[in-house]
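**Q** Sharing query-v2.cif below, mmCIF, C-alpha atoms:
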```cif
data_entry
#
loop_
_atom_site.group_PDB
_atom_site.id
_atom_site.type_symbol
_atom_site.label_atom_id
_atom_site.label_comp_id
_atom_site.auth_asym_id
_atom_site.auth_seq_id
_atom_site.Cartn_x
_atom_site.Cartn_y
_atom_site.Cartn_z
ATOM 1 C CA MET A 22 -102.516 241.308 78.702
ATOM 2 C CA ASN A 23 -98.897 241.936 77.702
ATOM 3 C CA THR A 24 -97.332 240.294 74.663
ATOM 4 C CA THR A 25 -95.101 237.916 76.636
ATOM 5 C CA ARG A 26 -97.954 236.593 78.771
ATOM 6 C CA ARG A 27 -100.171 236.192 75.699
ATOM 7 C CA LYS A 28 -97.489 234.124 73.933
ATOM 8 C CA ILE A 29 -97.038 231.902 77.013
ATOM 9 C CA MET A 30 -100.778 231.224 77.235
ATOM 10 C CA GLN A 31 -101.027 230.563 73.500
ATOM 11 C CA GLY A 32 -98.105 228.152 73.731
ATOM 12 C CA ALA A 33 -99.705 226.318 76.686
ATOM 13 C CA ALA A 34 -103.006 226.004 74.834
ATOM 14 C CA ALA A 35 -101.235 224.626 71.771
ATOM 15 C CA ALA A 36 -99.418 222.062 73.934
ATOM 16 C CA VAL A 37 -102.716 220.873 75.423
ATOM 17 C CA LEU A 38 -104.268 220.503 71.973
ATOM 18 C CA LEU A 39 -101.217 218.646 70.678
ATOM 19 C CA ALA A 40 -101.251 216.238 73.634
ATOM 20 C CA SER A 41 -104.951 215.554 73.229
ATOM 21 C CA ALA A 42 -104.416 214.641 69.586
ATOM 22 C CA PHE A 43 -102.428 211.576 70.718
ATOM 23 C CA VAL A 44 -104.991 210.310 73.233
ATOM 24 C CA GLN A 45 -107.243 207.604 71.861
ATOM 25 C CA PRO A 46 -110.703 208.167 73.353
ATOM 26 C CA ALA A 47 -112.701 205.258 74.688
ATOM 27 C CA LEU A 48 -115.687 204.162 72.652
ATOM 28 C CA ALA A 49 -119.059 205.088 74.048
ATOM 29 C CA ALA A 50 -121.331 202.185 74.957
ATOM 30 C CA VAL A 51 -122.111 200.459 71.681
ATOM 31 C CA GLU A 52 -124.576 197.861 70.471
ATOM 32 C CA VAL A 53 -123.607 195.191 67.965
ATOM 33 C CA ALA A 54 -126.042 192.548 66.755
ATOM 34 C CA GLY A 55 -128.350 193.411 69.642
ATOM 35 C CA VAL A 56 -125.596 193.059 72.269
ATOM 36 C CA LYS A 57 -124.737 196.156 74.279
ATOM 37 C CA PHE A 58 -121.121 196.655 75.325
ATOM 38 C CA GLN A 59 -120.767 199.199 78.113
ATOM 39 C CA ASP A 60 -118.096 201.854 77.678
ATOM 40 C CA MET A 61 -116.449 200.829 80.976
ATOM 41 C CA ALA A 62 -115.895 197.556 82.849
ATOM 42 C CA ASN A 63 -114.428 197.018 86.304
ATOM 43 C CA VAL A 64 -111.848 194.238 86.238
ATOM 44 C CA GLY A 65 -109.783 193.451 89.315
ATOM 45 C CA GLY A 66 -110.705 196.770 90.876
ATOM 46 C CA HIS A 67 -109.635 198.735 87.799
ATOM 47 C CA ASP A 68 -111.941 200.621 85.463
ATOM 48 C CA LEU A 69 -111.190 199.524 81.910
ATOM 49 C CA LYS A 70 -112.345 201.256 78.742
ATOM 50 C CA LEU A 71 -113.995 199.644 75.740
ATOM 51 C CA SER A 72 -111.307 199.545 73.075
ATOM 52 C CA GLY A 73 -113.366 197.942 70.320
ATOM 53 C CA ALA A 74 -116.238 195.583 69.609
ATOM 54 C CA GLY A 75 -117.740 193.726 66.694
ATOM 55 C CA VAL A 76 -119.345 190.521 65.452
ATOM 56 C CA ARG A 77 -117.695 187.269 64.442
ATOM 57 C CA THR A 78 -119.387 185.912 61.367
ATOM 58 C CA LYS A 79 -118.906 182.592 59.605
ATOM 59 C CA LEU A 80 -120.277 182.375 56.110
ATOM 60 C CA VAL A 81 -123.507 184.355 56.526
ATOM 61 C CA PHE A 82 -124.094 183.440 60.176
ATOM 62 C CA LYS A 83 -123.459 185.672 63.171
ATOM 63 C CA VAL A 84 -121.647 183.520 65.726
ATOM 64 C CA TYR A 85 -120.820 185.826 68.634
ATOM 65 C CA ALA A 86 -120.236 189.449 69.591
ATOM 66 C CA LEU A 87 -116.800 190.289 70.979
ATOM 67 C CA GLY A 88 -115.351 193.250 72.838
ATOM 68 C CA PHE A 89 -111.904 194.181 74.194
ATOM 69 C CA TYR A 90 -111.463 196.241 77.381
ATOM 70 C CA MET A 91 -108.164 197.847 78.454
ATOM 71 C CA GLN A 92 -106.939 200.688 80.642
ATOM 72 C CA GLU A 93 -106.529 202.766 77.477
ATOM 73 C CA PRO A 94 -107.982 201.905 74.053
ATOM 74 C CA GLN A 95 -105.417 200.617 71.561
ATOM 75 C CA THR A 96 -105.353 200.877 67.784
ATOM 76 C CA THR A 97 -102.412 198.527 67.068
ATOM 77 C CA VAL A 98 -101.828 194.842 67.697
ATOM 78 C CA GLN A 99 -98.640 195.489 69.659
ATOM 79 C CA GLY A 100 -100.355 198.134 71.746
ATOM 80 C CA ALA A 101 -103.149 195.725 72.646
ATOM 81 C CA LEU A 102 -100.690 192.954 73.530
ATOM 82 C CA ASN A 103 -98.214 195.081 75.475
ATOM 83 C CA ILE A 104 -100.428 197.450 77.456
ATOM 84 C CA ALA A 105 -99.968 197.130 81.209
ATOM 85 C CA GLY A 106 -102.692 196.330 83.686
ATOM 86 C CA PRO A 107 -105.800 194.148 83.519
ATOM 87 C CA ARG A 108 -107.526 193.352 80.236
ATOM 88 C CA ARG A 109 -110.822 191.724 79.331
ATOM 89 C CA ILE A 110 -112.175 189.784 76.375
ATOM 90 C CA GLN A 111 -115.980 189.712 76.491
ATOM 91 C CA LEU A 112 -117.742 187.214 74.258
ATOM 92 C CA VAL A 113 -121.523 186.996 73.944
ATOM 93 C CA SER A 114 -122.878 184.030 72.003
ATOM 94 C CA LEU A 115 -125.380 184.844 69.254
ATOM 95 C CA ARG A 116 -126.329 181.212 68.655
ATOM 96 C CA ASP A 117 -126.078 177.833 70.385
ATOM 97 C CA LEU A 118 -122.548 176.421 70.157
ATOM 98 C CA SER A 119 -121.454 172.986 71.316
ATOM 99 C CA SER A 120 -118.365 172.772 73.522
ATOM 100 C CA ASP A 121 -116.677 170.708 70.786
ATOM 101 C CA ASP A 122 -117.361 173.294 68.077
ATOM 102 C CA PHE A 123 -116.259 176.208 70.241
ATOM 103 C CA GLY A 124 -113.195 174.373 71.497
ATOM 104 C CA GLN A 125 -112.192 173.366 67.965
ATOM 105 C CA ALA A 126 -112.563 176.950 66.745
ATOM 106 C CA PHE A 127 -110.393 178.125 69.635
ATOM 107 C CA MET A 128 -107.661 175.582 68.851
ATOM 108 C CA THR A 129 -107.717 176.449 65.158
ATOM 109 C CA GLY A 130 -107.321 180.146 65.903
ATOM 110 C CA LEU A 131 -104.618 179.534 68.488
ATOM 111 C CA ASN A 132 -102.574 177.290 66.209
ATOM 112 C CA ALA A 133 -102.885 179.710 63.285
ATOM 113 C CA ASN A 134 -101.443 182.602 65.283
ATOM 114 C CA THR A 135 -98.657 181.004 67.329
ATOM 115 C CA THR A 136 -95.295 179.534 66.451
ATOM 116 C CA ALA A 137 -94.316 175.915 67.063
ATOM 117 C CA ASP A 138 -92.175 177.025 70.022
ATOM 118 C CA GLU A 139 -95.073 178.950 71.518
ATOM 119 C CA ARG A 140 -97.425 176.005 71.119
ATOM 120 C CA THR A 141 -94.927 173.824 73.000
ATOM 121 C CA LYS A 142 -94.466 176.444 75.724
ATOM 122 C CA PHE A 143 -98.212 176.949 76.191
ATOM 123 C CA LEU A 144 -99.155 173.272 75.965
ATOM 124 C CA PRO A 145 -100.064 172.839 79.679
ATOM 125 C CA GLN A 146 -102.203 175.999 79.644
ATOM 126 C CA THR A 147 -103.772 175.067 76.320
ATOM 127 C CA LYS A 148 -104.678 171.678 77.772
ATOM 128 C CA ALA A 149 -106.200 173.342 80.844
ATOM 129 C CA PHE A 150 -108.172 175.710 78.605
ATOM 130 C CA GLY A 151 -109.419 172.724 76.620
ATOM 131 C CA GLU A 152 -110.547 171.060 79.839
ATOM 132 C CA MET A 153 -112.527 174.206 80.592
ATOM 133 C CA PHE A 154 -114.426 173.748 77.331
ATOM 134 C CA GLY A 155 -115.007 170.118 78.255
ATOM 135 C CA SER A 156 -116.453 171.109 81.640
ATOM 136 C CA ILE A 157 -119.359 173.019 80.085
ATOM 137 C CA ASP A 158 -122.151 171.831 77.829
ATOM 138 C CA GLY A 159 -121.404 174.580 75.332
ATOM 139 C CA LEU A 160 -122.648 178.106 74.860
ATOM 140 C CA LYS A 161 -126.304 178.991 74.546
ATOM 141 C CA LYS A 162 -127.522 182.077 72.738
ATOM 142 C CA GLY A 163 -127.041 185.015 75.096
ATOM 143 C CA ASP A 164 -124.340 183.369 77.249
ATOM 144 C CA VAL A 165 -121.543 185.712 78.326
ATOM 145 C CA LEU A 166 -117.976 184.396 78.506
ATOM 146 C CA LEU A 167 -115.383 186.687 80.100
ATOM 147 C CA VAL A 168 -111.662 186.023 79.734
ATOM 148 C CA ASP A 169 -109.798 188.379 82.083
ATOM 149 C CA TRP A 170 -106.093 189.003 82.480
ATOM 150 C CA LEU A 171 -105.295 189.986 86.083
ATOM 151 C CA PRO A 172 -101.622 190.875 86.718
ATOM 152 C CA GLY A 173 -100.228 188.831 89.568
ATOM 153 C CA VAL A 174 -103.102 186.359 89.264
ATOM 154 C CA GLY A 175 -103.412 185.144 85.675
ATOM 155 C CA THR A 176 -106.110 184.455 83.125
ATOM 156 C CA VAL A 177 -109.504 183.914 84.728
ATOM 157 C CA CYS A 178 -112.586 182.753 82.795
ATOM 158 C CA THR A 179 -116.168 183.196 83.902
ATOM 159 C CA LEU A 180 -119.327 182.019 82.162
ATOM 160 C CA ASN A 181 -122.472 183.939 83.092
ATOM 161 C CA GLY A 182 -120.736 185.153 86.245
ATOM 162 C CA LYS A 183 -119.450 181.740 87.367
ATOM 163 C CA LYS A 184 -115.733 180.910 87.267
ATOM 164 C CA VAL A 185 -114.878 178.026 84.953
ATOM 165 C CA GLY A 186 -111.571 176.246 84.541
ATOM 166 C CA ASP A 187 -108.236 176.898 86.202
ATOM 167 C CA THR A 188 -106.444 180.217 86.555
ATOM 168 C CA LEU A 189 -103.647 180.306 83.977
ATOM 169 C CA PRO A 190 -100.518 182.265 85.011
ATOM 170 C CA ASP A 191 -98.700 183.250 81.796
ATOM 171 C CA VAL A 192 -99.502 186.618 80.191
ATOM 172 C CA GLY A 193 -98.089 185.203 76.959
ATOM 173 C CA PHE A 194 -100.939 182.712 76.866
ATOM 174 C CA PHE A 195 -103.516 185.474 77.345
ATOM 175 C CA ASN A 196 -101.870 187.329 74.456
ATOM 176 C CA ALA A 197 -102.081 184.166 72.382
ATOM 177 C CA ILE A 198 -105.831 184.104 73.049
ATOM 178 C CA MET A 199 -106.126 187.737 71.948
ATOM 179 C CA ARG A 200 -104.209 186.938 68.766
ATOM 180 C CA ILE A 201 -106.969 184.528 67.739
ATOM 181 C CA TRP A 202 -108.823 187.695 66.697
ATOM 182 C CA ILE A 203 -106.039 190.263 66.121
ATOM 183 C CA GLY A 204 -103.128 188.083 65.013
ATOM 184 C CA ASP A 205 -101.699 187.744 61.504
ATOM 185 C CA LYS A 206 -104.373 185.148 60.665
ATOM 186 C CA PRO A 207 -107.435 186.349 62.573
ATOM 187 C CA ALA A 208 -110.559 184.248 62.918
ATOM 188 C CA ASP A 209 -112.489 186.996 61.128
ATOM 189 C CA SER A 210 -110.542 189.609 59.154
ATOM 190 C CA SER A 211 -113.469 192.041 59.227
ATOM 191 C CA LEU A 212 -113.656 191.838 63.033
ATOM 192 C CA LYS A 213 -109.968 192.574 63.682
ATOM 193 C CA PRO A 214 -110.023 196.343 62.906
ATOM 194 C CA LYS A 215 -113.189 196.805 64.988
ATOM 195 C CA LEU A 216 -111.413 195.356 68.028
ATOM 196 C CA LEU A 217 -108.549 197.810 67.517
ATOM 197 C CA GLY A 218 -110.501 200.990 67.986
ATOM 198 C CA GLY A 219 -112.635 200.741 64.883
ATOM 199 C CA GLN A 220 -116.271 201.770 64.994
ATOM 200 C CA PRO A 221 -118.517 198.698 65.193
ATOM 201 C CA LYS A 222 -121.428 198.318 62.812
#
```
Any chance you could put this one into C-alpha cells?
**A**
Amino acid sequence: MNTTRRKIMQGAAAAVLLASAFVQPALAAVEVAGVKFQDMANVGGHDLKLSGAGVRTKLVFKVYALGFYMQEPQTTVQGALNIAGPRRIQLVSLRDLSSDDFGQAFMTGLNANTTADERTKFLPQTKAFGEMFGSIDGLKKGDVLLVDWLPGVGTVCTLNGKKVGDTLPDVGFFNAIMRIWIGDKPADSSLKPKLLGGQPK
C-alpha cells in the first residue's frame, strides 16, 4: 500500500471514530424496581430508543417507574424537548394511586415548571388532561400509562393499552409534561439525570 493511500485510509478511519464519539447510544433494555423497559418502542410506526429510565420516589416510598423514548437518546433538557419525531413517556405504577393524588401531583409539577403565560396558554389542554384523570379510578400497582407525542396528531394517552382522554394538539403542552420530570424544578431531582441518558439503578 503506497503512502498516499495509507494516509487516506487512516484519515477516513479517524473520521469514523470521531463521528461515533458524538453519537449517544441507546440504553439496552433495563430493569428498575422490577419493571423492565425495553430498549426500543414502536410509536406511530417509528422505532424509538430508550433514552433513560428511573424510579420516582417520595420520602422512602417508590411511587412509579418512568422511561423516556425518542428517535435518538438525549442527554440535555433542550435536546429532549426539541428533538423531532414521536416521543413517549412510559409510566408504570409501583403502588396504588388515587386519581386525585396522581392528578394533584401532575398539577403541582406542571405549575412548578411553567410560566404564568404558559399556564394561561395551556389552560384548555390542562383542563382536558385533568378530565382524563377524573375519568379513571386511579392507578393500580402494575398499571402502565403511556403519554405519546405523535407529530400531526398530538398527545395521546393510553392506560393498559386503552386510550383515555382527548388528543391534545400542542407540542408545547407535551413538553410541559416532560418538564415535570426534567424541568428546573423536577418532581424528583434524582430521577432527572436518569431520564437524560443516565444509567438507572
**Q** Can you pull out the residues contacting Leu115 of chain A? Cut-off 6 Å, using only C-alpha atoms, and skip same-chain residues under 4 positions away; I want them as a ChimeraX atom specification.
**A** /A:84-85,162
**Q** Can you measure atom CA of Ala208 of chain A to atom CA of Arg77 of chain A for me? One decimal in Å is fine.
**A** 7.9 Å
**Q** With distances taken over all atoms listed in the file, which of A:Gln92, A:Thr147, A:Ser119, A:Ser72 is nearest to Ala105 of chain A?
**A**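 Result for the nearest residue to Ala105 of chain A: A:Gln92.
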**Q** Which of these, A:Gln146, A:Ser120, A:Gln111, A:Gln99, has the shortest distance to Asp191 of chain A once you count only C-alpha atoms?
**A**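 That would be A:Gln146, the residue with the smallest distance to Asp191 of chain A.
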**Q** Please determine, counting only C-alpha atoms, which residue among A:Leu167, A:Ala133, A:Ile203, A:Leu112 has the shortest atom-to-atom distance to Ala86 of chain A.
**A**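 Comparing A:Leu167, A:Ala133, A:Ile203, A:Leu112 against Ala86 of chain A, the winner is A:Leu112.
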**Q** From the options A:Thr179, A:Pro107, A:Thr136, A:Val165, which residue's atoms come nearest to Phe58 of chain A, counting only C-alpha atoms?
**A**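 Answer, going by the shortest atom-to-atom distance: A:Val165.
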**Q** Just to confirm, what's the straight-line distance from atom CA of Met199 of chain A to atom CA of Phe89 of chain A in Å (one decimal)?
**A**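 Calculated distance between atom CA of Met199 of chain A and atom CA of Phe89 of chain A is 8.9 Å.
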**Q** Decode the PyMOL selection byres ((chain A and resi 186) around 9) for the given file into explicit residues and return them as a count of residues only.
**A** 15
**Q** Run the PyMOL selection byres ((chain A and resi 159) around 9) on the file and write out the hits as a list in words.
**A**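 Checked against the file, the PyMOL selection byres ((chain A and resi 159) around 9) matches Asp117, Leu118, Ser119, Ser120, Asp121, Asp122, Phe123, Phe154, Gly155, Ser156, Ile157, Asp158, Leu160 and Lys161 of chain A.
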**Q** Would you save the residues of that selection, restricted to C-alpha atoms, as a PDB file, in the coordinates of the input?
**A**
```pdb
ATOM      1  CA  ASP A 117    -126.078 177.833  70.385  1.00  0.00           C
ATOM      2  CA  LEU A 118    -122.548 176.421  70.157  1.00  0.00           C
ATOM      3  CA  SER A 119    -121.454 172.986  71.316  1.00  0.00           C
ATOM      4  CA  SER A 120    -118.365 172.772  73.522  1.00  0.00           C
ATOM      5  CA  ASP A 121    -116.677 170.708  70.786  1.00  0.00           C
ATOM      6  CA  ASP A 122    -117.361 173.294  68.077  1.00  0.00           C
ATOM      7  CA  PHE A 123    -116.259 176.208  70.241  1.00  0.00           C
ATOM      8  CA  PHE A 154    -114.426 173.748  77.331  1.00  0.00           C
ATOM      9  CA  GLY A 155    -115.007 170.118  78.255  1.00  0.00           C
ATOM     10  CA  SER A 156    -116.453 171.109  81.640  1.00  0.00           C
ATOM     11  CA  ILE A 157    -119.359 173.019  80.085  1.00  0.00           C
ATOM     12  CA  ASP A 158    -122.151 171.831  77.829  1.00  0.00           C
ATOM     13  CA  LEU A 160    -122.648 178.106  74.860  1.00  0.00           C
ATOM     14  CA  LYS A 161    -126.304 178.991  74.546  1.00  0.00           C
TER      15      LYS A 161
END
```
**Q** Applying 10 Å and all atoms listed in the file, which residues near Ala62 of chain A remain after dropping the ones on its own chain fewer than 2 positions away? List them as JSON, numbers by chain.
**A** {"A": [58, 59, 60, 64, 65, 66, 67, 68, 69, 70, 71, 90, 91, 92, 108, 109]}
**Q** Atom CA of Asp209 of chain A and atom CA of Lys148 of chain A are how many Å apart?
**A**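 Computed distance, atom CA of Asp209 of chain A to atom CA of Lys148 of chain A, equals 23.9 Å.
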